[in-house]
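**Student:** Below is one structure. I have some questions about it.
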Amino acid sequence: MASGNLTHVSEFILMGLSQRPELQVPLFFIFLVIYMLTAAGNLGIITLTIVNSRLQTPMYFFLRHLAVINLGDATVIAPKMLVNFLVSKKTTIYYECAIQLGGFLVFMVADIFMLAVMAYDRYVAICNPLLYMVVVSRQVCLLLVSLTYVLGFFTATVVTPCVFSVSYCSSNIINHFYCDNVPLLALSCSDTYIPETVVFLFSGTNLLFSMTVVLISYFNIILAILRIRSSEGRKKAFSTCASHMMAVTVFYGTLLFMYLQPRTNHSLDTDKMASVFYTLVIPMLNPVIYSFRNKDVKCALKEFSKNPCQWFNIT
């Protein structure tokens, strides 16, 4: 426990999702299953999009990196969370907490911008299909994916030290199941105006920029779909981006609710439920939303299950 006027503590205690002893084991198995499904689904997408020649288009290249990001996000959060369900003292050392926050920010920001990149990809595919492979060339794909990771690392390297620059005087108990900005700043006994402003500016700017790309892309997509004369053509065009639209709405809606609500109305317990959704549930659902409803991926999965050795050139 921190005592006195300290700017540093040796460890934090994570309260977790619930403090009721009888719920710890059931919650452990629930989230173990969620994490295993997340790992299996996203690793499956990564594998299929690497080894299958039909899944070498820009759309599946972006999908592969979304799977990498989703798996990374869940892996930063879930293992420590699962351990804490089974131990009585749910501690995390100071630097472990900082690393977890940094890792979370890297993958969360990358996730935000990867969704924007995928929206732009769908815009080009529907509005400029004849120029698709020229506009979204391999070099452009590599540039866009690199930018998502760079923005994630930049956010983490600025925000994490800023959050951990505050003082802790009497409590090291984090009302959360992982180290996040808001509950960490809530512990501070020093002035948190600058860290809160930095967190707000980064989260607001990242969300605003990525959402602007998504909204402009889909505004043009809808206009293009409405110009299609045949109902069959409109249905086909809409089906190529319907899953992405649904996932984007849920993901951005959750983040806006979490980070952009006024401080006076901020409930850490509500934040925990929202955090479960976007750190663990959405990464588990994304392989289904984006891929397993896709005919090409279904065919690739069937082929892979019949003869996996052939795909890896194993004789």
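Labels used: A, B, ... for chains in the order of the structure tokens, numbers from 1 for residues in each chain, and numbers from 1 for ligands as shown.
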Using only C-alpha atoms, which protein or nucleic acid residues come within 10 Å of region 203-210 of chain A? Drop anything in the same chain fewer than 6 positions from it, and give the result as a list in words.
**Tutor:**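 Non-adjacent residues within range: Leu105, Val109, Ala110, Ile112, Phe113, Met114, Leu115, Ala116, Val117, Ala119, Leu151, Gly152, Thr155, Val159, Thr197, Tyr252, Leu255, Leu256, Tyr259 and Leu260 of chain A.
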**Student:** Using only C-alpha atoms, find each residue of region 62-181 of chain A with at least one atom at most 7 Å away from an atom of region 36-44 of chain A; report its shortest atom-to-atom pair and that distance in Å (one decimal), sort the rows by chain and rising residue number, and return the result as JSON lines.
**Tutor:**
{"residue": "A:Ala67", "atom": "CA", "partner": "A:Asn42", "partner_atom": "CA", "distance": 4.9}
{"residue": "A:Val68", "atom": "CA", "partner": "A:Asn42", "partner_atom": "CA", "distance": 7.0}
{"residue": "A:Leu71", "atom": "CA", "partner": "A:Ala39", "partner_atom": "CA", "distance": 6.1}
**Student:** Step one, run DSSP on the backbone; step two, keep only residues of region 89-275 of chain A assigned to helix (DSSP H, G or I); then write them as JSON, numbers by chain.
**Tutor:** {"A": [94, 95, 96, 97, 98, 99, 100, 101, 102, 103, 104, 105, 106, 107, 108, 109, 110, 111, 112, 113, 114, 115, 116, 117, 118, 119, 120, 121, 122, 123, 124, 125, 126, 127, 129, 130, 131, 132, 133, 134, 135, 138, 139, 140, 141, 142, 143, 144, 145, 146, 147, 148, 149, 150, 151, 152, 153, 154, 155, 156, 157, 158, 159, 160, 161, 162, 163, 181, 182, 183, 184, 185, 186, 193, 194, 195, 196, 197, 198, 199, 200, 201, 202, 203, 204, 205, 206, 207, 208, 209, 210, 211, 212, 213, 214, 215, 216, 217, 218, 219, 220, 221, 222, 223, 224, 225, 226, 227, 231, 232, 233, 234, 235, 236, 237, 238, 239, 242, 243, 244, 245, 246, 247, 248, 249, 250, 251, 252, 253, 254, 255, 256, 257, 258, 259, 263, 264, 265, 268, 269, 270, 271, 272, 273, 274, 275]}
**Student:** Please list as a list in words every residue within 10 Å of Tyr60 (chain A), counting only C-alpha atoms and excluding residues in the same chain fewer than 6 positions away.
**Tutor:**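 The residues that qualify are Ile45, Ile46, Leu48, Thr49, Ile50, Arg54, Leu66, Met118, Tyr290, Ser291 and Val297 of chain A.
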**Student:** Any idea what the distance is between CA of Met59 (chain A) and CA of Gln139 (chain A)?
**Tutor:** 13.9 Å
**Student:** Kindly give the distance, in Å, that separates CA of Thr279 (chain A) and CA of Phe219 (chain A), rounded to a single decimal.
**Tutor:** 28.0 Å
**Student:** So what do you get for CA of Met81 (chain A) versus CA of Pro287 (chain A), distance-wise?
**Tutor:**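 Computing the Euclidean distance for CA of Met81 (chain A) and CA of Pro287 (chain A) yields 22.3 Å.
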**Student:** Considering only C-alpha atoms, state which residue in the set A:Leu27, A:Val150, A:Ile216, A:Val158 is at the smallest distance from Leu86 (chain A).
**Tutor:** A:Leu27
**Student:** Which one of A:Phe164, A:Tyr218, A:Tyr149, A:Phe31 sits closest to Val199 (chain A) if you count only C-alpha atoms?
**Tutor:**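 Of all the options, A:Phe164 lies closest to Val199 (chain A).
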**Student:** I'd like a table as CSV: residues in region 200-267 of chain A with an atom no more than 12 Å from region 129-133 of chain A, each row giving the shortest atom pair and its distance in Å to one decimal, only C-alpha atoms counted, sorted by chain and rising residue number.
**Tutor:**
residue,atom,partner,partner_atom,distance
A:Ile221,CA,A:Pro129,CA,11.8
A:Ala224,CA,A:Pro129,CA,11.3
A:Ala237,CA,A:Pro129,CA,11.0
**Student:** Pick from A:His176, A:Leu187, A:Phe104, A:Phe62: nearest to Leu143 (chain A), with only C-alpha atoms counted?
**Tutor:**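 Smallest distance to Leu143 (chain A) is found for A:Phe62.
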**Student:** My list of candidates is A:Val276, A:Val213, A:Met245, A:Leu147. Which is closest to Ile77 (chain A) when distances are computed with only C-alpha atoms?
**Tutor:**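 Checking each candidate against Ile77 (chain A), we get A:Val276 as the closest.
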**Student:** Could you go through region 26-206 of chain A and tell me which residues DSSP, when run on the backbone, assigns to strand (DSSP E), listing them as an MDAnalysis selection string?
**Tutor:** chainID A and resid 91:93 173:174
